[in-house]
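Trainee: What follows is entry-v9.cif; its format and atoms are mmCIF, C-alpha atoms and all ligand atoms.
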data_entry
loop_
_atom_site.label_atom_id
_atom_site.label_comp_id
_atom_site.auth_asym_id
_atom_site.auth_seq_id
_atom_site.Cartn_x
_atom_site.Cartn_y
_atom_site.Cartn_z
CA MET Z 1 0.00 0.00 0.00
CA THR Z 2 1.31 3.44 -0.83
CA THR Z 3 0.11 6.56 0.90
CA THR Z 4 1.25 10.11 0.35
CA GLN Z 5 0.81 10.95 4.00
CA PRO Z 6 1.25 8.98 7.21
CA SER Z 7 -2.20 8.19 8.54
CA PRO Z 8 -2.86 9.59 11.99
CA THR Z 9 -3.46 6.92 14.62
CA ALA Z 10 -5.49 7.09 17.81
CA ALA Z 11 -2.42 5.97 19.78
CA GLY Z 12 -0.36 8.74 18.17
CA SER Z 13 -2.77 11.55 18.92
CA GLY Z 14 -3.56 10.02 22.32
CA SER Z 15 0.05 9.94 23.46
CA SER Z 16 0.59 13.48 22.12
CA ALA Z 17 -2.43 14.70 24.11
CA THR Z 18 -1.20 12.93 27.23
CA GLU Z 19 2.26 14.48 26.80
CA ALA Z 20 0.77 17.95 26.26
CA PHE Z 21 -1.32 17.60 29.42
CA ARG Z 22 1.69 16.48 31.47
CA ALA Z 23 3.80 19.37 30.15
CA ALA Z 24 1.07 21.90 31.03
CA ARG Z 25 0.74 20.45 34.55
CA ALA Z 26 4.49 20.59 35.07
CA THR Z 27 4.62 24.30 34.31
CA ALA Z 28 1.30 25.26 35.93
CA SER Z 29 1.94 27.88 38.57
CA GLY Z 30 -0.03 27.95 41.80
CA THR Z 31 -1.15 24.37 41.45
CA THR Z 32 -1.88 23.07 44.91
CA GLY Z 33 -2.86 19.64 46.09
CA VAL Z 34 -6.56 19.01 46.57
CA PRO Z 35 -7.23 18.95 50.34
CA PRO Z 36 -8.05 15.52 51.86
CA GLU Z 37 -11.63 16.43 52.79
CA ARG Z 38 -12.37 17.33 49.15
CA VAL Z 39 -10.70 14.16 47.89
CA SER Z 40 -12.81 12.17 50.32
CA ALA Z 41 -16.08 13.95 49.50
CA VAL Z 42 -15.68 13.89 45.72
CA VAL Z 43 -14.28 10.37 45.44
CA SER Z 44 -16.89 8.97 47.85
CA SER Z 45 -19.64 10.54 45.79
CA LEU Z 46 -18.09 9.27 42.55
CA LEU Z 47 -17.79 5.73 43.92
CA ALA Z 48 -21.35 5.85 45.24
CA GLY Z 49 -22.49 6.68 41.70
CA ILE Z 50 -20.58 3.71 40.31
CA HIS Z 51 -21.88 1.38 43.03
CA GLU Z 52 -25.43 2.52 42.37
CA THR Z 53 -24.99 1.90 38.64
CA ILE Z 54 -23.74 -1.64 39.31
CA ARG Z 55 -26.81 -2.34 41.47
CA THR Z 56 -29.45 -0.81 39.22
CA GLU Z 57 -27.94 -2.27 36.03
CA SER Z 58 -27.12 -5.59 37.71
CA VAL Z 59 -23.61 -5.41 36.28
CA THR Z 60 -22.10 -8.87 35.82
CA TYR Z 61 -18.54 -10.10 36.37
CA ASP Z 62 -18.12 -10.28 32.57
CA GLU Z 63 -19.09 -6.63 32.29
CA PHE Z 64 -16.86 -5.64 35.22
CA ARG Z 65 -13.91 -7.36 33.51
CA ALA Z 66 -14.75 -5.65 30.19
CA ALA Z 67 -14.73 -2.30 32.00
CA LYS Z 68 -11.38 -3.09 33.62
CA GLN Z 69 -9.87 -4.05 30.28
CA PHE Z 70 -11.27 -0.88 28.71
CA LEU Z 71 -9.78 1.37 31.40
CA ILE Z 72 -6.38 -0.32 31.03
CA GLU Z 73 -6.50 0.30 27.28
CA VAL Z 74 -7.50 3.94 27.72
CA GLY Z 75 -4.30 4.45 29.70
CA GLU Z 76 -2.10 2.44 27.34
CA GLY Z 77 -3.46 4.34 24.32
CA GLY Z 78 -2.91 7.70 26.02
CA GLU Z 79 -6.62 8.43 25.65
CA TRP Z 80 -7.43 9.72 29.12
CA PRO Z 81 -7.39 13.35 27.89
CA LEU Z 82 -9.68 12.45 24.99
CA LEU Z 83 -12.10 10.33 27.01
CA LEU Z 84 -12.37 12.78 29.90
CA ASP Z 85 -12.69 15.86 27.72
CA VAL Z 86 -15.32 14.25 25.49
CA PHE Z 87 -17.53 12.75 28.19
CA VAL Z 88 -16.85 14.71 31.38
CA GLU Z 89 -15.40 18.18 30.79
CA HIS Z 90 -18.70 19.73 29.67
CA VAL Z 91 -20.15 19.29 33.16
CA VAL Z 92 -17.06 20.81 34.81
CA GLU Z 93 -17.53 23.74 32.42
CA ASP Z 94 -21.22 24.02 33.37
CA VAL Z 95 -20.21 24.32 37.01
CA ALA Z 96 -17.50 26.90 36.21
CA ALA Z 97 -20.08 28.83 34.15
CA ARG Z 98 -22.32 29.31 37.21
CA ASP Z 99 -20.29 32.37 38.20
CA GLN Z 100 -18.99 33.44 34.80
CA HIS Z 101 -20.42 36.47 33.02
CA GLY Z 102 -19.87 37.72 29.51
CA THR Z 103 -19.28 35.48 26.53
CA LYS Z 104 -20.29 31.87 27.14
CA GLY Z 105 -17.49 29.38 27.66
CA SER Z 106 -17.05 25.88 26.39
CA ILE Z 107 -14.62 23.05 26.98
CA LEU Z 108 -10.87 23.28 26.32
CA GLY Z 109 -10.61 19.77 24.92
CA PRO Z 110 -7.45 17.68 24.51
CA TYR Z 111 -5.75 19.52 21.65
CA TYR Z 112 -4.65 22.86 23.08
CA LEU Z 113 -0.92 23.51 22.76
CA PRO Z 114 0.68 26.58 24.38
CA GLY Z 115 3.56 28.59 22.98
CA GLN Z 116 2.15 29.37 19.53
CA LEU Z 117 3.12 32.18 17.19
CA ARG Z 118 1.98 35.67 18.29
CA LEU Z 119 0.58 37.73 15.43
CA ASP Z 120 -0.73 41.29 15.41
CA SER Z 121 -4.25 41.73 14.09
CA PRO Z 122 -5.17 41.52 11.24
CA ALA Z 123 -3.60 38.08 11.11
CA THR Z 124 -3.58 35.05 8.87
CA LEU Z 125 -3.18 31.78 10.76
CA PRO Z 126 -0.09 29.76 9.83
CA ARG Z 127 -1.14 27.36 7.10
CA ARG Z 128 0.32 25.09 4.46
CA ALA Z 129 0.85 26.46 0.96
CA ASP Z 130 -1.86 24.10 -0.27
CA GLU Z 131 -4.16 24.37 2.77
CA LYS Z 132 -7.61 23.17 1.70
CA GLY Z 133 -10.87 24.67 2.87
CA THR Z 134 -13.23 27.60 2.52
CA PRO Z 135 -11.46 30.83 3.48
CA LEU Z 136 -12.92 32.29 6.67
CA ALA Z 137 -12.43 35.79 8.07
CA LEU Z 138 -13.45 36.13 11.72
CA SER Z 139 -13.39 39.64 13.12
CA GLY Z 140 -14.75 41.38 16.16
CA GLN Z 141 -14.01 43.31 19.31
CA VAL Z 142 -13.07 42.32 22.84
CA ARG Z 143 -14.86 44.40 25.50
CA ASP Z 144 -15.55 44.32 29.22
CA THR Z 145 -19.04 43.76 30.67
CA GLU Z 146 -19.66 47.55 30.58
CA GLY Z 147 -18.93 47.66 26.87
CA THR Z 148 -15.50 49.28 27.17
CA PRO Z 149 -13.03 48.03 24.53
CA LEU Z 150 -10.05 46.16 25.92
CA PRO Z 151 -6.70 47.18 24.45
CA GLY Z 152 -4.07 44.47 24.73
CA ALA Z 153 -6.66 41.72 24.33
CA GLU Z 154 -5.41 38.44 22.93
CA VAL Z 155 -7.41 35.93 20.94
CA GLU Z 156 -5.74 32.55 20.88
CA ILE Z 157 -7.18 30.22 18.31
CA TRP Z 158 -6.65 26.59 17.32
CA GLN Z 159 -8.65 24.39 15.03
CA ALA Z 160 -8.77 21.28 12.89
CA ASP Z 161 -8.00 21.46 9.19
CA GLU Z 162 -10.41 20.72 6.37
CA GLN Z 163 -9.98 16.99 7.02
CA GLY Z 164 -10.58 17.28 10.76
CA TYR Z 165 -6.93 16.98 11.85
CA TYR Z 166 -5.12 19.14 14.44
CA SER Z 167 -1.47 20.09 14.16
CA GLY Z 168 0.54 18.44 16.92
CA PHE Z 169 -1.80 15.44 16.90
CA ALA Z 170 -1.49 14.17 13.32
CA PRO Z 171 1.98 13.51 11.91
CA HIS Z 172 1.30 14.87 8.42
CA VAL Z 173 0.24 18.33 9.66
CA PRO Z 174 3.15 20.73 10.34
CA ASP Z 175 3.62 21.98 13.91
CA GLY Z 176 1.75 25.20 14.61
CA ASN Z 177 -0.56 24.84 11.62
CA LEU Z 178 -3.86 26.71 12.15
CA ARG Z 179 -2.79 27.88 15.61
CA ALA Z 180 -1.84 31.37 16.80
CA VAL Z 181 -2.22 34.03 19.47
CA VAL Z 182 -3.70 37.06 17.71
CA VAL Z 183 -3.07 40.37 19.47
CA ALA Z 184 -6.00 42.76 19.12
CA ASP Z 185 -5.48 46.45 18.27
CA ALA Z 186 -5.77 49.44 20.63
CA ASP Z 187 -9.58 49.22 20.37
CA GLY Z 188 -9.66 45.53 21.22
CA ARG Z 189 -10.47 44.74 17.60
CA PHE Z 190 -9.19 41.67 15.85
CA GLU Z 191 -9.40 40.04 12.45
CA ILE Z 192 -8.33 36.45 11.88
CA ARG Z 193 -8.09 34.87 8.46
CA THR Z 194 -8.22 31.10 8.35
CA ILE Z 195 -10.19 28.30 6.73
CA GLU Z 196 -13.36 26.63 7.93
CA PRO Z 197 -12.55 23.48 9.89
CA ALA Z 198 -14.23 20.14 9.23
CA PRO Z 199 -16.24 18.26 11.84
CA TYR Z 200 -14.03 16.16 14.13
CA ARG Z 201 -14.39 12.40 14.37
CA ILE Z 202 -13.16 10.54 17.45
CA PRO Z 203 -10.56 8.06 16.11
CA THR Z 204 -12.14 4.65 15.66
CA ASP Z 205 -8.89 2.71 16.15
CA GLY Z 206 -8.55 3.50 19.87
CA PRO Z 207 -10.45 2.57 23.04
CA THR Z 208 -12.68 5.68 23.07
CA GLY Z 209 -13.77 4.94 19.49
CA THR Z 210 -14.26 1.28 20.35
CA LEU Z 211 -16.52 2.24 23.25
CA ILE Z 212 -18.54 4.57 21.03
CA GLU Z 213 -18.97 1.78 18.50
CA ALA Z 214 -19.83 -0.80 21.16
CA ALA Z 215 -22.56 1.51 22.48
CA ALA Z 216 -23.80 2.35 18.96
CA TRP Z 217 -23.27 6.07 19.54
CA HIS Z 218 -21.82 8.37 16.89
CA PRO Z 219 -18.23 9.69 17.11
CA TRP Z 220 -18.66 13.24 15.77
CA ARG Z 221 -18.13 16.76 17.01
CA PRO Z 222 -19.51 19.58 14.86
CA ALA Z 223 -16.95 21.79 13.08
CA HIS Z 224 -15.55 24.25 15.61
CA LEU Z 225 -12.90 26.84 16.37
CA HIS Z 226 -11.24 26.75 19.80
CA LEU Z 227 -10.53 30.06 21.51
CA LEU Z 228 -8.87 31.45 24.60
CA VAL Z 229 -9.71 35.13 24.91
CA GLY Z 230 -7.99 37.26 27.52
CA ALA Z 231 -6.92 40.81 28.38
CA PRO Z 232 -4.88 42.35 31.20
CA GLY Z 233 -6.83 42.16 34.47
CA MET Z 234 -9.67 40.18 32.92
CA ARG Z 235 -10.81 36.58 33.38
CA THR Z 236 -9.71 34.58 30.35
CA ILE Z 237 -12.53 32.70 28.71
CA THR Z 238 -12.11 29.30 27.14
CA THR Z 239 -14.67 28.78 24.44
CA GLN Z 240 -15.51 27.38 21.02
CA LEU Z 241 -17.38 28.74 18.02
CA TYR Z 242 -19.52 26.61 15.73
CA PHE Z 243 -21.14 27.08 12.31
CA ARG Z 244 -24.86 27.53 11.63
CA GLY Z 245 -26.29 24.61 9.68
CA GLY Z 246 -23.28 22.42 10.42
CA GLU Z 247 -23.67 18.71 10.93
CA TRP Z 248 -23.71 17.32 14.51
CA LEU Z 249 -24.56 20.66 16.13
CA ASP Z 250 -27.47 19.03 17.97
CA SER Z 251 -25.68 15.82 18.87
CA ASP Z 252 -22.06 16.78 19.66
CA VAL Z 253 -20.41 13.69 21.16
CA ALA Z 254 -18.68 16.08 23.62
CA SER Z 255 -21.94 17.93 24.52
CA ALA Z 256 -20.08 21.24 24.22
CA THR Z 257 -22.25 23.37 21.93
CA LYS Z 258 -24.29 26.38 23.10
CA PRO Z 259 -26.72 28.40 20.96
CA GLU Z 260 -24.81 31.63 21.74
CA LEU Z 261 -21.65 30.18 20.20
CA ILE Z 262 -22.89 29.53 16.67
CA LEU Z 263 -21.48 31.67 13.86
CA ASP Z 264 -23.44 32.43 10.72
CA PRO Z 265 -20.82 33.44 8.13
CA VAL Z 266 -21.83 35.00 4.83
CA ASP Z 267 -20.04 34.77 1.51
CA ALA Z 268 -18.24 38.02 0.77
CA GLY Z 269 -18.70 37.38 -2.95
CA ASP Z 270 -15.20 36.05 -3.53
CA GLY Z 271 -15.70 32.69 -1.84
CA THR Z 272 -14.49 33.97 1.53
CA HIS Z 273 -16.88 33.44 4.40
CA VAL Z 274 -16.91 36.45 6.72
CA VAL Z 275 -18.39 36.74 10.17
CA GLU Z 276 -18.18 39.01 13.21
CA TYR Z 277 -18.12 37.84 16.79
CA ASP Z 278 -17.49 40.05 19.81
CA PHE Z 279 -16.14 38.75 23.11
CA VAL Z 280 -17.16 40.13 26.49
CA LEU Z 281 -14.81 39.54 29.42
CA GLU Z 282 -15.40 40.11 33.12
CA ARG Z 283 -12.85 41.34 35.61
CA ALA Z 284 -10.54 38.64 36.96
C1 LIG J 1 -11.83 17.75 19.82
O1 LIG J 1 -11.45 18.45 18.74
C2 LIG J 1 -12.38 18.42 20.83
O2 LIG J 1 -12.53 19.74 20.69
C3 LIG J 1 -12.80 17.76 21.98
C4 LIG J 1 -13.43 18.49 23.07
C5 LIG J 1 -12.63 16.39 22.08
C6 LIG J 1 -12.05 15.72 21.06
C7 LIG J 1 -11.66 16.39 19.93
FE FE J 2 -11.60 20.43 18.95
#
Show me this structure written as structure tokens.

Mentor:
Amino acid sequence: MTTTQPSPTAAGSGSSATEAFRAARATASGTTGVPPERVSAVVSSLLAGIHETIRTESVTYDEFRAAKQFLIEVGEGGEWPLLLDVFVEHVVEDVAARDQHGTKGSILGPYYLPGQLRLDSPATLPRRADEKGTPLALSGQVRDTEGTPLPGAEVEIWQADEQGYYSGFAPHVPDGNLRAVVVADADGRFEIRTIEPAPYRIPTDGPTGTLIEAAAWHPWRPAHLHLLVGAPGMRTITTQLYFRGGEWLDSDVASATKPELILDPVDAGDGTHVVEYDFVLERA
């Protein structure tokens, strides 16, 4: 068999995601241990939920062993970031959102990589010479909750390519592709030129994909842009933007869509899709 590009594997992207998570933890400042009473309360509650599930579902030894094997494989395949971010992070985000004002947040997901190129607005995301996809121009303004523009705002963006692959997690995509920190102008305005991403499919050759298949669920996330939007003295928001009319918007496997986060780009007449989206940040 001849291929022109190495095909991304679940184990490859899984181990990259695990490595990225470890690296971020190692450099995280102010990370403190969780106090014992919280560990006890949260883990007791978690275990009680599992115990209750075993009783109500009358879980058998065969099923218990299948679960054990699955969890071992999740670790071996490096898929803990993927599994947790797909099935659990959205609820952690819901809880964080209880006291967050301004633009709605969404999950970070497993494919954030720090240390990307910083570009002044207007910016074109780093891309291959033959990058496929509909050109997209996303512009807007970053303001505080009173409507005051925020100079020095930064819009960090990362996304899949037109085939649904993320740089850093697929060997054929160059490092840093479709990732950047875009620095807004003195009025908090930004313009980012990129391409529209494709929907993302959980890899089927790893344990998370195997679980999804075994449960007869679907493995898709709708097409999305990931964003971290911050400004000096303001609470950084982690969010995602989606596309009106896109597939899987109502059945995101990661349950991370919100109606306020859906873009509706229009064709500028030259094949470029243009759309405005403003971000509202609250004080940190
Ligand atoms: C993604 O691209 C993503 O954003 C999440 C949350 C999980 C898996 C892949
Ligand atoms: Fe994503």

Trainee: Quick one: residues within 7 Å of stretch 182-184 of chain Z, all atoms listed in the file counted, chain neighbours fewer than 4 positions away excluded, as a list in words?

Mentor: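 In the requested form, the answer reads Arg118, Leu119, Asp120, Ser121, Ala123, Pro151, Gly152, Ala153, Glu154, Val155, Glu156, Gly188, Arg189 and Phe190 of chain Z.
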
Trainee: Residues within 8 Å of ligand LIG 1 (chain J) (all atoms listed in the file), as a PyMOL selection string?

Mentor: chain Z and resi 82-83+85-86+89+107-111+159-160+166+200-202+221+224+226+254+256

Trainee: Taking into account only C-alpha atoms, which residue in the set Z:Ala66, Z:Leu263, Z:Ile237, Z:Ile50 is nearest to Z:Ala284?

Mentor: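 That would be Z:Ile237, the residue with the smallest distance to Z:Ala284.
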
Trainee: For stretch 67-79 of chain Z, please output as a short mmCIF file (atom, residue, chain, number, x, y, z; two decimals) with C-alpha atoms, in the frame of the given file all residues within 7 Å (counting all atoms listed in the file; exclusion window: fewer than 5 positions along the same chain).

Mentor:
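Below you can see around21.cif, which holds the result:
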data_model
loop_
_atom_site.label_atom_id
_atom_site.label_comp_id
_atom_site.auth_asym_id
_atom_site.auth_seq_id
_atom_site.Cartn_x
_atom_site.Cartn_y
_atom_site.Cartn_z
CA ALA Z 11 -2.42 5.97 19.78
CA GLY Z 14 -3.56 10.02 22.32
CA SER Z 15 0.05 9.94 23.46
CA THR Z 18 -1.20 12.93 27.23
CA GLY Z 206 -8.55 3.50 19.87
CA PRO Z 207 -10.45 2.57 23.04
#

Trainee: Please, what distance in Å, to one decimal, runs between atom CA of Z:Leu228 and atom CA of Z:Ala268?

Mentor: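 According to the coordinates, atom CA of Z:Leu228 and atom CA of Z:Ala268 are separated by 26.4 Å.
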
Trainee: Please provide the set of residues having any atom within 10 Å of Z:Pro8, restricted to all atoms listed in the file, with same-chain residues fewer than 3 positions apart removed, written as a list of chain:residue names.

Mentor: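 Listed by chain and then number, they are Z:Gln5, Z:Ala11, Z:Gly12, Z:Ser13, Z:Tyr165, Z:Phe169, Z:Ala170, Z:Pro171, Z:His172, Z:Val173, Z:Pro203.
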
Trainee: Atom CA of Z:Pro259 to atom CA of Z:Lys104: how many Å, to one decimal?

Mentor: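 Going from atom CA of Z:Pro259 over to atom CA of Z:Lys104 covers 9.6 Å.
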
Trainee: Given the choices Z:Gly147, Z:Pro126, Z:Pro222, Z:Pro35, which gets closest to ligand FE 2 (chain J) if the distance is worked out from all atoms listed in the file?

Mentor: Z:Pro222

Trainee: Nearest residue to Z:Leu125 out of Z:Gln100, Z:Ser106, Z:Asn177, Z:Thr53, using all atoms listed in the file?

Mentor: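 Among the listed residues, the smallest separation from Z:Leu125 belongs to Z:Asn177.
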
Trainee: Which of these residues is nearest to ligand FE 2 (chain J), using only C-alpha atoms and all ligand atoms: Z:Asp187, Z:Asp161, Z:Asp267, Z:Glu52?

Mentor: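 Checking each candidate against ligand FE 2 (chain J), we get Z:Asp161 as the closest.
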
Trainee: Could you tell me which of Z:Lys132, Z:Pro149, Z:Asp175, Z:Asp144 comes closest to Z:Gln116 if we count only C-alpha atoms?

Mentor: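 Using only C-alpha atoms, Z:Gln116 sits closest to Z:Asp175.
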
Trainee: Just to confirm, what's the straight-line distance from atom CA of Z:Leu47 to atom CA of Z:Val88 in Å (one decimal)?

Mentor: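 Taking atom CA of Z:Leu47 and atom CA of Z:Val88, their separation equals 15.5 Å.
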
Trainee: Find the residues around Z:Thr134 up to 10 Å (all atoms listed in the file counted), leave out those fewer than 2 positions away in its own chain, and share them as a ChimeraX atom specification.

Mentor: /Z:131-132,136-137,162,194-197,267,271-273
